[in-house]
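So this block is start.pdb, PDB, C-alpha atoms:
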MODEL        1
ATOM      1  CA  MET A   1       9.860  11.797 -28.042
ATOM      2  CA  CYS A   2       6.154  11.621 -28.844
ATOM      3  CA  ALA A   3       3.850   9.109 -27.151
ATOM      4  CA  ASP A   4       0.618   7.821 -28.652
ATOM      5  CA  MET A   5      -2.715   8.456 -26.912
ATOM      6  CA  SER A   6      -2.772   4.990 -25.316
ATOM      7  CA  SER A   7       0.284   5.596 -23.176
ATOM      8  CA  GLU A   8       1.581   8.030 -20.589
ATOM      9  CA  ILE A   9       4.956   9.071 -19.235
ATOM     10  CA  ILE A  10       5.888   8.254 -15.629
ATOM     11  CA  PRO A  11       8.905  10.069 -14.156
ATOM     12  CA  GLU A  12      11.117   7.639 -12.275
ATOM     13  CA  ALA A  13      12.748   9.993  -9.832
ATOM     14  CA  GLY A  14       9.674  10.585  -7.646
ATOM     15  CA  GLU A  15       9.856  13.368  -5.061
ATOM     16  CA  GLY A  16      10.396  16.545  -6.997
ATOM     17  CA  ASN A  17      10.676  14.330 -10.069
ATOM     18  CA  GLN A  18      14.438  14.703  -9.965
ATOM     19  CA  ARG A  19      17.355  12.687  -8.694
ATOM     20  CA  GLU A  20      20.206  14.236  -6.823
ATOM     21  CA  ASP A  21      22.225  14.493 -10.022
ATOM     22  CA  GLN A  22      19.284  16.341 -11.646
ATOM     23  CA  ASN A  23      19.023  13.689 -14.360
ATOM     24  CA  VAL A  24      15.426  12.590 -14.833
ATOM     25  CA  GLU A  25      14.503   9.306 -16.480
ATOM     26  CA  PHE A  26      11.034   8.517 -17.793
ATOM     27  CA  LEU A  27       9.095   5.353 -18.488
ATOM     28  CA  GLU A  28       6.446   5.055 -21.173
ATOM     29  CA  VAL A  29       3.559   2.928 -19.939
ATOM     30  CA  ASP A  30       0.465   1.674 -21.758
ATOM     31  CA  GLN A  31      -2.605   3.013 -19.953
ATOM     32  CA  ASN A  32      -4.378  -0.336 -20.420
ATOM     33  CA  VAL A  33      -1.660  -2.398 -18.767
ATOM     34  CA  LYS A  34      -2.917  -4.804 -16.076
ATOM     35  CA  GLU A  35       0.447  -5.603 -14.502
ATOM     36  CA  LEU A  36       3.261  -3.133 -13.923
ATOM     37  CA  ASP A  37       6.598  -3.959 -12.310
ATOM     38  CA  LEU A  38       8.699  -0.969 -11.227
ATOM     39  CA  THR A  39      11.153  -2.814  -9.007
ATOM     40  CA  ARG A  40      14.396  -0.929  -8.235
ATOM     41  CA  HIS A  41      13.528   2.340 -10.015
ATOM     42  CA  ARG A  42      14.423   4.634  -7.084
ATOM     43  CA  ILE A  43      10.849   5.925  -6.934
ATOM     44  CA  LYS A  44      10.398   8.227  -3.931
ATOM     45  CA  LYS A  45       6.685   8.947  -4.126
ATOM     46  CA  ILE A  46       3.579   7.121  -5.335
ATOM     47  CA  GLU A  47       2.196   9.518  -7.930
ATOM     48  CA  GLY A  48       1.330   9.780 -11.604
ATOM     49  CA  PHE A  49      -0.488   6.450 -11.844
ATOM     50  CA  ASP A  50      -4.030   7.819 -12.225
ATOM     51  CA  PHE A  51      -4.164   7.022 -15.948
ATOM     52  CA  LEU A  52      -3.838   3.267 -15.301
ATOM     53  CA  HIS A  53      -7.532   2.464 -15.640
ATOM     54  CA  SER A  54      -7.081  -1.320 -15.840
ATOM     55  CA  ILE A  55      -4.178  -1.902 -13.463
ATOM     56  CA  GLU A  56      -4.573  -4.978 -11.241
ATOM     57  CA  TYR A  57      -1.008  -5.618 -10.049
ATOM     58  CA  LEU A  58       1.480  -2.864  -9.196
ATOM     59  CA  CYS A  59       4.929  -3.854  -7.974
ATOM     60  CA  LEU A  60       7.033  -1.117  -6.363
ATOM     61  CA  ARG A  61       9.591  -3.306  -4.611
ATOM     62  CA  TRP A  62      12.970  -1.959  -3.567
ATOM     63  CA  ASN A  63      12.264   1.737  -4.084
ATOM     64  CA  LEU A  64      12.537   4.775  -1.795
ATOM     65  CA  ILE A  65       8.855   5.222  -0.924
ATOM     66  CA  LYS A  66       8.131   6.602   2.557
ATOM     67  CA  LYS A  67       4.353   7.055   2.383
ATOM     68  CA  ILE A  68       1.383   5.145   0.930
ATOM     69  CA  GLU A  69      -0.705   7.700  -0.949
ATOM     70  CA  ASN A  70      -2.461   8.634  -4.219
ATOM     71  CA  LEU A  71      -4.038   5.233  -4.790
ATOM     72  CA  HIS A  72      -7.704   6.232  -4.621
ATOM     73  CA  MET A  73      -8.075   6.429  -8.413
ATOM     74  CA  LEU A  74      -6.742   2.912  -8.988
ATOM     75  CA  ILE A  75     -10.118   1.246  -8.498
ATOM     76  CA  THR A  76      -9.111  -1.918 -10.388
ATOM     77  CA  LEU A  77      -5.974  -2.522  -8.307
ATOM     78  CA  THR A  78      -6.060  -5.874  -6.493
ATOM     79  CA  GLU A  79      -2.412  -6.326  -5.535
ATOM     80  CA  LEU A  80       0.146  -3.731  -4.403
ATOM     81  CA  ASP A  81       3.688  -4.837  -3.565
ATOM     82  CA  LEU A  82       5.734  -2.347  -1.524
ATOM     83  CA  TYR A  83       8.307  -4.773  -0.180
ATOM     84  CA  ASP A  84      11.562  -3.210   1.085
ATOM     85  CA  ASN A  85      10.886   0.509   0.788
ATOM     86  CA  GLN A  86      11.335   3.181   3.466
ATOM     87  CA  LEU A  87       7.953   2.940   5.177
ATOM     88  CA  THR A  88       9.538   2.434   8.580
ATOM     89  CA  GLU A  89       7.830   5.441  10.222
ATOM     90  CA  LEU A  90       4.235   4.363   9.534
ATOM     91  CA  GLU A  91       2.040   4.440  12.645
ATOM     92  CA  TYR A  92      -1.381   4.344  10.950
ATOM     93  CA  LEU A  93      -2.263   2.136   7.977
ATOM     94  CA  GLU A  94      -5.756   1.960   6.436
ATOM     95  CA  LEU A  95      -6.288  -0.599   3.666
ATOM     96  CA  GLY A  96      -9.984  -1.278   4.118
ATOM     97  CA  ASP A  97     -12.458  -2.216   1.388
ATOM     98  CA  ASN A  98      -9.998  -3.730  -1.057
ATOM     99  CA  ARG A  99      -9.476  -7.315  -2.191
ATOM    100  CA  ILE A 100      -6.583  -8.193   0.069
ATOM    101  CA  LYS A 101      -6.400 -11.952   0.631
ATOM    102  CA  LYS A 102      -3.309 -12.189   2.796
ATOM    103  CA  ILE A 103      -1.607 -10.042   5.437
ATOM    104  CA  GLU A 104       2.029  -9.760   4.430
ATOM    105  CA  ASN A 105       5.036  -7.485   3.823
ATOM    106  CA  LEU A 106       4.683  -5.530   7.076
ATOM    107  CA  SER A 107       7.963  -6.664   8.616
ATOM    108  CA  GLN A 108       9.589  -3.224   8.259
ATOM    109  CA  ASN A 109       6.575  -1.353   9.602
ATOM    110  CA  PHE A 110       7.232  -2.163  13.237
ATOM    111  CA  LYS A 111       6.061   1.291  14.405
ATOM    112  CA  ILE A 112       2.469   0.747  13.284
ATOM    113  CA  LYS A 113       0.040   1.477  16.124
ATOM    114  CA  ARG A 114      -3.258   1.268  14.235
ATOM    115  CA  LEU A 115      -3.925  -1.149  11.384
ATOM    116  CA  PHE A 116      -7.241  -1.239   9.525
ATOM    117  CA  LEU A 117      -7.900  -4.079   7.077
ATOM    118  CA  GLY A 118     -11.687  -4.304   7.122
ATOM    119  CA  ALA A 119     -13.849  -5.447   4.208
ATOM    120  CA  ASN A 120     -11.225  -7.522   2.448
ATOM    121  CA  GLN A 121     -10.886 -11.255   1.746
ATOM    122  CA  ILE A 122      -8.496 -12.174   4.559
ATOM    123  CA  VAL A 123      -8.775 -15.740   5.874
ATOM    124  CA  ASP A 124      -5.892 -15.925   8.358
ATOM    125  CA  ILE A 125      -4.548 -13.490  10.944
ATOM    126  CA  GLU A 126      -0.840 -13.844  10.248
ATOM    127  CA  ASN A 127       2.504 -12.103   9.734
ATOM    128  CA  LEU A 128       1.891  -9.488  12.438
ATOM    129  CA  GLU A 129       4.496 -10.585  14.968
ATOM    130  CA  MET A 130       6.810  -7.651  14.150
ATOM    131  CA  LEU A 131       4.188  -5.060  15.133
ATOM    132  CA  LYS A 132       5.430  -4.671  18.694
ATOM    133  CA  ASN A 133       3.700  -1.297  19.163
ATOM    134  CA  ILE A 134       0.281  -2.045  17.717
ATOM    135  CA  GLU A 135      -2.661  -0.853  19.801
ATOM    136  CA  VAL A 136      -5.607  -1.118  17.395
ATOM    137  CA  LEU A 137      -6.210  -3.982  14.958
ATOM    138  CA  SER A 138      -9.359  -3.848  12.846
ATOM    139  CA  LEU A 139     -10.317  -6.819  10.646
ATOM    140  CA  PRO A 140     -14.118  -6.719  10.271
ATOM    141  CA  ALA A 141     -15.953  -8.141   7.263
ATOM    142  CA  ASN A 142     -13.329 -10.640   6.179
ATOM    143  CA  ALA A 143     -13.372 -14.461   6.030
ATOM    144  CA  ILE A 144     -11.663 -15.198   9.356
ATOM    145  CA  GLN A 145     -12.843 -18.317  11.191
ATOM    146  CA  GLU A 146     -10.230 -18.582  13.920
ATOM    147  CA  ILE A 147      -8.552 -16.059  16.217
ATOM    148  CA  LYS A 148      -4.829 -16.715  16.002
ATOM    149  CA  GLY A 149      -1.505 -15.042  15.278
ATOM    150  CA  LEU A 150      -1.882 -12.456  18.043
ATOM    151  CA  ASP A 151       0.345 -13.941  20.741
ATOM    152  CA  LYS A 152       3.187 -11.462  20.109
ATOM    153  CA  LEU A 153       0.910  -8.399  20.094
ATOM    154  CA  THR A 154       1.025  -7.727  23.820
ATOM    155  CA  THR A 155       0.382  -3.979  23.396
ATOM    156  CA  LEU A 156      -2.962  -4.547  21.659
ATOM    157  CA  ARG A 157      -5.794  -2.550  23.262
ATOM    158  CA  GLU A 158      -8.597  -2.773  20.688
ATOM    159  CA  LEU A 159      -9.467  -5.772  18.501
ATOM    160  CA  TYR A 160     -12.286  -5.554  15.945
ATOM    161  CA  LEU A 161     -13.345  -8.849  14.338
ATOM    162  CA  SER A 162     -17.026  -8.346  13.558
ATOM    163  CA  GLN A 163     -18.694  -9.908  10.508
ATOM    164  CA  ASN A 164     -16.429 -12.905  10.176
ATOM    165  CA  GLY A 165     -17.107 -16.616  10.791
ATOM    166  CA  ILE A 166     -15.612 -17.070  14.259
ATOM    167  CA  GLU A 167     -17.166 -19.842  16.390
ATOM    168  CA  TYR A 168     -14.908 -19.908  19.443
ATOM    169  CA  ILE A 169     -12.871 -17.360  21.388
ATOM    170  CA  VAL A 170      -9.283 -18.608  21.493
ATOM    171  CA  GLY A 171      -5.787 -17.256  20.972
ATOM    172  CA  LEU A 172      -5.971 -14.254  23.315
ATOM    173  CA  GLU A 173      -3.835 -15.626  26.131
ATOM    174  CA  SER A 174      -1.099 -12.990  25.668
ATOM    175  CA  ASN A 175      -3.352 -10.013  24.960
ATOM    176  CA  THR A 176      -3.911  -8.948  28.553
ATOM    177  CA  ASN A 177      -3.997  -5.243  27.660
ATOM    178  CA  LEU A 178      -7.163  -5.608  25.599
ATOM    179  CA  GLU A 179      -9.847  -3.060  26.453
ATOM    180  CA  ILE A 180     -12.245  -3.532  23.519
ATOM    181  CA  LEU A 181     -13.129  -6.875  21.937
ATOM    182  CA  ASP A 182     -15.581  -6.701  19.029
ATOM    183  CA  LEU A 183     -17.063 -10.032  17.924
ATOM    184  CA  ASN A 184     -20.426  -8.790  16.667
ATOM    185  CA  TYR A 185     -22.034 -10.740  13.819
ATOM    186  CA  ASN A 186     -20.019 -13.941  14.060
ATOM    187  CA  ARG A 187     -20.961 -17.545  14.888
ATOM    188  CA  LEU A 188     -19.924 -17.685  18.535
ATOM    189  CA  ARG A 189     -21.317 -20.712  20.350
ATOM    190  CA  SER A 190     -20.009 -19.765  23.781
ATOM    191  CA  ILE A 191     -18.191 -17.064  25.739
ATOM    192  CA  SER A 192     -14.944 -18.481  27.058
ATOM    193  CA  ASN A 193     -11.205 -17.928  27.427
ATOM    194  CA  ILE A 194     -11.436 -14.207  28.241
ATOM    195  CA  HIS A 195     -11.588 -14.176  32.062
ATOM    196  CA  HIS A 196      -7.895 -13.200  32.116
ATOM    197  CA  LEU A 197      -8.572  -9.982  30.157
ATOM    198  CA  GLN A 198      -8.897  -7.932  33.320
ATOM    199  CA  LYS A 199      -8.619  -4.571  31.534
ATOM    200  CA  LEU A 200     -11.530  -5.286  29.204
ATOM    201  CA  THR A 201     -14.155  -2.509  29.249
ATOM    202  CA  ASP A 202     -16.114  -3.433  26.114
ATOM    203  CA  PHE A 203     -17.290  -6.869  24.985
ATOM    204  CA  TRP A 204     -19.403  -6.905  21.831
ATOM    205  CA  ALA A 205     -21.075 -10.141  20.748
ATOM    206  CA  LYS A 206     -24.287  -9.041  19.057
ATOM    207  CA  LYS A 207     -25.931 -11.459  16.579
ATOM    208  CA  ASN A 208     -24.086 -14.677  17.341
ATOM    209  CA  GLN A 209     -25.283 -18.167  18.314
ATOM    210  CA  LEU A 210     -25.104 -17.850  22.093
ATOM    211  CA  ASN A 211     -27.692 -20.128  23.700
ATOM    212  CA  LYS A 212     -26.678 -20.309  27.363
ATOM    213  CA  ILE A 213     -27.003 -17.262  29.565
ATOM    214  CA  THR A 214     -24.674 -19.053  31.998
ATOM    215  CA  ASP A 215     -21.867 -18.140  29.576
ATOM    216  CA  LEU A 216     -21.990 -14.739  31.247
ATOM    217  CA  ASP A 217     -20.125 -16.255  34.197
ATOM    218  CA  GLU A 218     -16.987 -15.646  32.136
ATOM    219  CA  LEU A 219     -17.802 -11.932  31.843
ATOM    220  CA  ALA A 220     -18.623 -11.685  35.546
ATOM    221  CA  GLN A 221     -14.908 -12.105  36.247
ATOM    222  CA  LEU A 222     -14.031  -8.863  34.436
ATOM    223  CA  PRO A 223     -14.160  -6.006  36.986
ATOM    224  CA  ASN A 224     -13.674  -3.181  34.466
ATOM    225  CA  LEU A 225     -16.385  -4.270  32.041
ATOM    226  CA  LYS A 226     -18.716  -1.342  31.257
ATOM    227  CA  LEU A 227     -20.363  -1.948  27.875
ATOM    228  CA  VAL A 228     -21.743  -5.253  26.608
ATOM    229  CA  TYR A 229     -23.611  -6.082  23.396
ATOM    230  CA  LEU A 230     -25.509  -9.372  23.520
ATOM    231  CA  GLU A 231     -28.747  -8.680  21.652
ATOM    232  CA  MET A 232     -29.917 -10.837  18.736
ATOM    233  CA  ASN A 233     -28.590 -14.029  20.302
ATOM    234  CA  PRO A 234     -30.882 -16.981  21.114
ATOM    235  CA  PHE A 235     -30.636 -16.349  24.887
ATOM    236  CA  SER A 236     -31.599 -12.697  24.440
ATOM    237  CA  GLU A 237     -35.124 -13.895  23.613
ATOM    238  CA  CYS A 238     -35.641 -15.236  27.130
ATOM    239  CA  THR A 239     -38.026 -13.595  29.593
ATOM    240  CA  ASN A 240     -36.547 -10.551  31.356
ATOM    241  CA  TYR A 241     -33.309 -10.879  29.395
ATOM    242  CA  ARG A 242     -32.040  -7.458  30.480
ATOM    243  CA  GLY A 243     -32.762  -8.072  34.136
ATOM    244  CA  LYS A 244     -30.953 -11.394  34.124
ATOM    245  CA  VAL A 245     -27.877  -9.997  32.382
ATOM    246  CA  ILE A 246     -27.647  -6.970  34.671
ATOM    247  CA  ARG A 247     -27.996  -9.182  37.736
ATOM    248  CA  MET A 248     -25.181 -11.446  36.523
ATOM    249  CA  LEU A 249     -23.014  -8.500  35.451
ATOM    250  CA  PRO A 250     -23.559  -5.784  38.083
ATOM    251  CA  GLN A 251     -20.396  -3.962  37.010
ATOM    252  CA  ILE A 252     -21.678  -2.972  33.543
ATOM    253  CA  GLU A 253     -23.104   0.478  32.796
ATOM    254  CA  LYS A 254     -24.615  -0.211  29.376
ATOM    255  CA  LEU A 255     -26.285  -3.256  27.862
ATOM    256  CA  ASP A 256     -26.944  -3.169  24.119
ATOM    257  CA  ALA A 257     -26.255   0.596  23.997
ATOM    258  CA  THR A 258     -28.862   1.352  26.693
ATOM    259  CA  TYR A 259     -27.874   2.514  30.170
ATOM    260  CA  CYS A 260     -28.661   0.087  32.958
ATOM    261  CA  ARG A 261     -31.272   1.476  35.350
ATOM    262  CA  LEU A 262     -31.242   1.012  39.098
ATOM    263  CA  GLY A 263     -33.442  -1.901  40.076
ATOM    264  CA  GLU A 264     -33.679  -3.260  36.537
ATOM    265  CA  PHE A 265     -32.256  -6.607  37.646
ATOM    266  CA  PHE A 266     -35.206  -7.448  39.904
ATOM    267  CA  PHE A 267     -37.408 -10.165  38.447
TER
ENDMDL
END
Can you dump the structure from the file as structure tokens?
Amino acid sequence: MCADMSSEIIPEAGEGNQREDQNVEFLEVDQNVKELDLTRHRIKKIEGFDFLHSIEYLCLRWNLIKKIENLHMLITLTELDLYDNQLTELEYLELGDNRIKKIENLSQNFKIKRLFLGANQIVDIENLEMLKNIEVLSLPANAIQEIKGLDKLTTLRELYLSQNGIEYIVGLESNTNLEILDLNYNRLRSISNIHHLQKLTDFWAKKNQLNKITDLDELAQLPNLKLVYLEMNPFSECTNYRGKVIRMLPQIEKLDATYCRLGEFFF
């Protein structure tokens, strides 16, 4: 069979391009297609899609895929559906700098330990309750305004939420294993609801809207705190800002990436 220059052939079988019975089936696909649905085609590997220069929606539901790969050439892709495949062994998932609007379809990926979804269009932290082993969750540069949906993630150690629109710290009651909390470049009005995070070593809140240096009383209750970012807040413009912070937080070793010097708190 001959195909015209505007189409390509995609082998259905995937890994090795052959099924167990050695019979290979092919699909002819227009290279300019914007939506492609390959549900239930027994595809074992994501490959052979590089010619899809206009693809926006790719549906690979109910296949045999075990690994997310070979997507770097699909620069127009905005939606990828991998529902009900065999991605159950994933421990690391990086989907940063795409146009993802919603966190979904991760229910089978319960072994994920590190999830990176930065620079997308995510509004809500949701559909993560099945990730019982997650340790690192990175969601910077999205459109998140409220911290929520984390109450089941009790193994979480690092949470990165910089460059969002968060005004208040809430929703971390169950995350007592947190060691790093990144809230740089948000709209925080106060520091609250974190005194129970006794394992916290890093608290980052650079470039927010923190006006009251007395908010640091919340951080003073964290014995393991070592690194704090507070620069570019309204209260950081006060006289002897560093000295005041170091006096209120004697346990820290670094303030705004600079080591605290002995005697610096005297003023």
I would like the residues chosen by the PyMOL selection byres ((chain A and resi 209) around 9) on the shown file; could you give them as a list of chain:residue names?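 Answer for the PyMOL selection byres ((chain A and resi 209) around 9): A:Glu167, A:Asn186, A:Arg187, A:Leu188, A:Arg189, A:Ser190, A:Lys207, A:Asn208, A:Leu210, A:Asn211, A:Met232, A:Asn233, A:Pro234, A:Phe235.
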How would the residues just picked look written out with C-alpha atoms as a PDB file, in the coordinates of the input?
ATOM      1  CA  GLU A 167     -17.166 -19.842  16.390  1.00  0.00           C
ATOM      2  CA  ASN A 186     -20.019 -13.941  14.060  1.00  0.00           C
ATOM      3  CA  ARG A 187     -20.961 -17.545  14.888  1.00  0.00           C
ATOM      4  CA  LEU A 188     -19.924 -17.685  18.535  1.00  0.00           C
ATOM      5  CA  ARG A 189     -21.317 -20.712  20.350  1.00  0.00           C
ATOM      6  CA  SER A 190     -20.009 -19.765  23.781  1.00  0.00           C
ATOM      7  CA  LYS A 207     -25.931 -11.459  16.579  1.00  0.00           C
ATOM      8  CA  ASN A 208     -24.086 -14.677  17.341  1.00  0.00           C
ATOM      9  CA  LEU A 210     -25.104 -17.850  22.093  1.00  0.00           C
ATOM     10  CA  ASN A 211     -27.692 -20.128  23.700  1.00  0.00           C
ATOM     11  CA  MET A 232     -29.917 -10.837  18.736  1.00  0.00           C
ATOM     12  CA  ASN A 233     -28.590 -14.029  20.302  1.00  0.00           C
ATOM     13  CA  PRO A 234     -30.882 -16.981  21.114  1.00  0.00           C
ATOM     14  CA  PHE A 235     -30.636 -16.349  24.887  1.00  0.00           C
TER      15      PHE A 235
END
Neighbouring residues of Leu115 (chain A) were defined as those with any atom within 8 Å, considering only C-alpha atoms; residues of the same chain fewer than 5 positions away were excluded. Please report them as number ranges by chain. A: 92-94, 134, 136-138
Could the residues in this selection be written to a file with C-alpha atoms, as a PDB file, keeping the file's coordinate frame?
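Just written: out_0.pdb:
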ATOM      1  CA  TYR A  92      -1.381   4.344  10.950  1.00  0.00           C
ATOM      2  CA  LEU A  93      -2.263   2.136   7.977  1.00  0.00           C
ATOM      3  CA  GLU A  94      -5.756   1.960   6.436  1.00  0.00           C
ATOM      4  CA  ILE A 134       0.281  -2.045  17.717  1.00  0.00           C
ATOM      5  CA  VAL A 136      -5.607  -1.118  17.395  1.00  0.00           C
ATOM      6  CA  LEU A 137      -6.210  -3.982  14.958  1.00  0.00           C
ATOM      7  CA  SER A 138      -9.359  -3.848  12.846  1.00  0.00           C
TER       8      SER A 138
END
Starting from the PyMOL selection byres ((chain A and resi 114) around 12), expand the selection into actual residues of this file and give them as an NGL selection string. :A and (90-95 or 109-113 or 115-117 or 131-139 or 155-160)
Could you write out that same residue set with C-alpha atoms as a compact mmCIF listing (two decimals), keeping the file's coordinate frame?
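The resulting file, result11.txt, is reproduced below:
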# COMPACT_ATOMS: atom_id res chain seq x y z
CA LEU A 90 4.24 4.36 9.53
CA GLU A 91 2.04 4.44 12.64
CA TYR A 92 -1.38 4.34 10.95
CA LEU A 93 -2.26 2.14 7.98
CA GLU A 94 -5.76 1.96 6.44
CA LEU A 95 -6.29 -0.60 3.67
CA ASN A 109 6.58 -1.35 9.60
CA PHE A 110 7.23 -2.16 13.24
CA LYS A 111 6.06 1.29 14.40
CA ILE A 112 2.47 0.75 13.28
CA LYS A 113 0.04 1.48 16.12
CA LEU A 115 -3.92 -1.15 11.38
CA PHE A 116 -7.24 -1.24 9.52
CA LEU A 117 -7.90 -4.08 7.08
CA LEU A 131 4.19 -5.06 15.13
CA LYS A 132 5.43 -4.67 18.69
CA ASN A 133 3.70 -1.30 19.16
CA ILE A 134 0.28 -2.04 17.72
CA GLU A 135 -2.66 -0.85 19.80
CA VAL A 136 -5.61 -1.12 17.40
CA LEU A 137 -6.21 -3.98 14.96
CA SER A 138 -9.36 -3.85 12.85
CA LEU A 139 -10.32 -6.82 10.65
CA THR A 155 0.38 -3.98 23.40
CA LEU A 156 -2.96 -4.55 21.66
CA ARG A 157 -5.79 -2.55 23.26
CA GLU A 158 -8.60 -2.77 20.69
CA LEU A 159 -9.47 -5.77 18.50
CA TYR A 160 -12.29 -5.55 15.94
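As for CA of Phe51 (chain A) and CA of Glu104 (chain A), they are spaced 27.1 Å apart.
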For the atom pair CA of Leu219 (chain A) and CA of Glu146 (chain A), what is the interatomic distance in Å to one decimal place? 20.6 Å
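Closest approach to Tyr185 (chain A) among A:Leu249, A:Leu172, A:Ala205, A:Ile65: A:Ala205, based on all atoms listed in the file.
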Need to verify the contact set: Ile103 (chain A), 10 Å, only C-alpha atoms, exclusion of same-chain residues closer than 3 positions in sequence. Can you return it as number ranges by chain? A: 100, 106, 117, 122-128
By how many Å are CA of His195 (chain A) and CA of Asp256 (chain A) apart?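 Interatomic distance here is 20.5 Å.
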Please return, as a short mmCIF file (atom, residue, chain, number, x, y, z; two decimals) with C-alpha atoms, keeping the file's coordinate frame, all polymer residues that have at least one atom within 9 Å of the point (-9.8, -3.5, -2.6); use only C-alpha atoms and the file's own coordinate frame.
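Written out: selection-v1.cif:
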data_model
loop_
_atom_site.label_atom_id
_atom_site.label_comp_id
_atom_site.auth_asym_id
_atom_site.auth_seq_id
_atom_site.Cartn_x
_atom_site.Cartn_y
_atom_site.Cartn_z
CA ILE A 75 -10.12 1.25 -8.50
CA THR A 76 -9.11 -1.92 -10.39
CA LEU A 77 -5.97 -2.52 -8.31
CA THR A 78 -6.06 -5.87 -6.49
CA GLU A 79 -2.41 -6.33 -5.54
CA LEU A 95 -6.29 -0.60 3.67
CA GLY A 96 -9.98 -1.28 4.12
CA ASP A 97 -12.46 -2.22 1.39
CA ASN A 98 -10.00 -3.73 -1.06
CA ARG A 99 -9.48 -7.32 -2.19
CA ILE A 100 -6.58 -8.19 0.07
CA ALA A 119 -13.85 -5.45 4.21
CA ASN A 120 -11.22 -7.52 2.45
CA GLN A 121 -10.89 -11.26 1.75
#
Excluding Glu69 (chain A) and any residue of its chain fewer than 4 positions from it, enumerate the residues within 12 Å of it, using only C-alpha atoms, and give them as an MDAnalysis selection string. chainID A and resid 44:50 65 73:74 80 82 87 93:95
Contact residues around Asn63 (chain A) with all atoms listed in the file at 9 Å, ignoring same-chain residues under 4 positions, as a ChimeraX atom specification: /A:38-44,82-86
How about saving the chosen residues, C-alpha atoms kept, as a PDB file, in the coordinates of the input?
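Ended up saving to part25.pdb:
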ATOM      1  CA  LEU A  38       8.699  -0.969 -11.227  1.00  0.00           C
ATOM      2  CA  THR A  39      11.153  -2.814  -9.007  1.00  0.00           C
ATOM      3  CA  ARG A  40      14.396  -0.929  -8.235  1.00  0.00           C
ATOM      4  CA  HIS A  41      13.528   2.340 -10.015  1.00  0.00           C
ATOM      5  CA  ARG A  42      14.423   4.634  -7.084  1.00  0.00           C
ATOM      6  CA  ILE A  43      10.849   5.925  -6.934  1.00  0.00           C
ATOM      7  CA  LYS A  44      10.398   8.227  -3.931  1.00  0.00           C
ATOM      8  CA  LEU A  82       5.734  -2.347  -1.524  1.00  0.00           C
ATOM      9  CA  TYR A  83       8.307  -4.773  -0.180  1.00  0.00           C
ATOM     10  CA  ASP A  84      11.562  -3.210   1.085  1.00  0.00           C
ATOM     11  CA  ASN A  85      10.886   0.509   0.788  1.00  0.00           C
ATOM     12  CA  GLN A  86      11.335   3.181   3.466  1.00  0.00           C
TER      13      GLN A  86
END
Kindly indicate which residue among A:Thr201, A:Gln221, A:Ser192, A:Asn70 lies nearest to Ile180 (chain A), using only C-alpha atoms for the distances. A:Thr201
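The nearest approach to Leu227 (chain A) among the residues A:Gly165, A:Pro250, A:Gly171, A:Gly243, with only C-alpha atoms taken into account, belongs to A:Pro250.
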Considering only C-alpha atoms, state which residue in the set A:Asn164, A:Cys59, A:Lys206, A:Ala220 is at the smallest distance from Ile194 (chain A). A:Ala220
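Among A:Leu60, A:Val228, A:Leu71, A:Ile166, the residue with the shortest atom-to-atom distance to Glu253 (chain A), counting only C-alpha atoms, is A:Val228.
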Explicit residues for the PyMOL selection byres ((chain A and resi 223) around 8) (as a VMD selection string): chain A and resid 198 to 199 220 to 222 224 to 225 251
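Nearest to Asp215 (chain A) of all the residues A:Glu89, A:Thr176, A:Leu230, A:Val33 is A:Leu230, counting only C-alpha atoms.
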Kindly complete region 239-248 of chain A to N, CA and C atoms; the output should be written as a short mmCIF file (atom, residue, chain, number, x, y, z; two decimals), in the frame of the given file.
data_model
loop_
_atom_site.label_atom_id
_atom_site.label_comp_id
_atom_site.auth_asym_id
_atom_site.auth_seq_id
_atom_site.Cartn_x
_atom_site.Cartn_y
_atom_site.Cartn_z
N THR A 239 -37.26 -14.54 28.78
CA THR A 239 -38.03 -13.60 29.59
C THR A 239 -37.10 -12.77 30.49
N ASN A 240 -37.34 -11.48 30.54
CA ASN A 240 -36.55 -10.55 31.36
C ASN A 240 -35.05 -10.70 31.10
N TYR A 241 -34.72 -10.76 29.82
CA TYR A 241 -33.31 -10.88 29.40
C TYR A 241 -32.43 -9.80 30.02
N ARG A 242 -32.86 -8.55 29.94
CA ARG A 242 -32.04 -7.46 30.48
C ARG A 242 -31.83 -7.62 31.98
N GLY A 243 -32.88 -7.93 32.69
CA GLY A 243 -32.76 -8.07 34.14
C GLY A 243 -31.79 -9.17 34.53
N LYS A 244 -31.84 -10.27 33.82
CA LYS A 244 -30.95 -11.39 34.12
C LYS A 244 -29.50 -11.04 33.85
N VAL A 245 -29.25 -10.37 32.73
CA VAL A 245 -27.88 -10.00 32.38
C VAL A 245 -27.32 -9.00 33.39
N ILE A 246 -28.11 -8.00 33.74
CA ILE A 246 -27.65 -6.97 34.67
C ILE A 246 -27.40 -7.56 36.06
N ARG A 247 -28.21 -8.54 36.43
CA ARG A 247 -28.00 -9.18 37.74
C ARG A 247 -26.69 -9.99 37.73
N MET A 248 -26.40 -10.64 36.62
CA MET A 248 -25.18 -11.45 36.52
C MET A 248 -23.94 -10.59 36.32
#
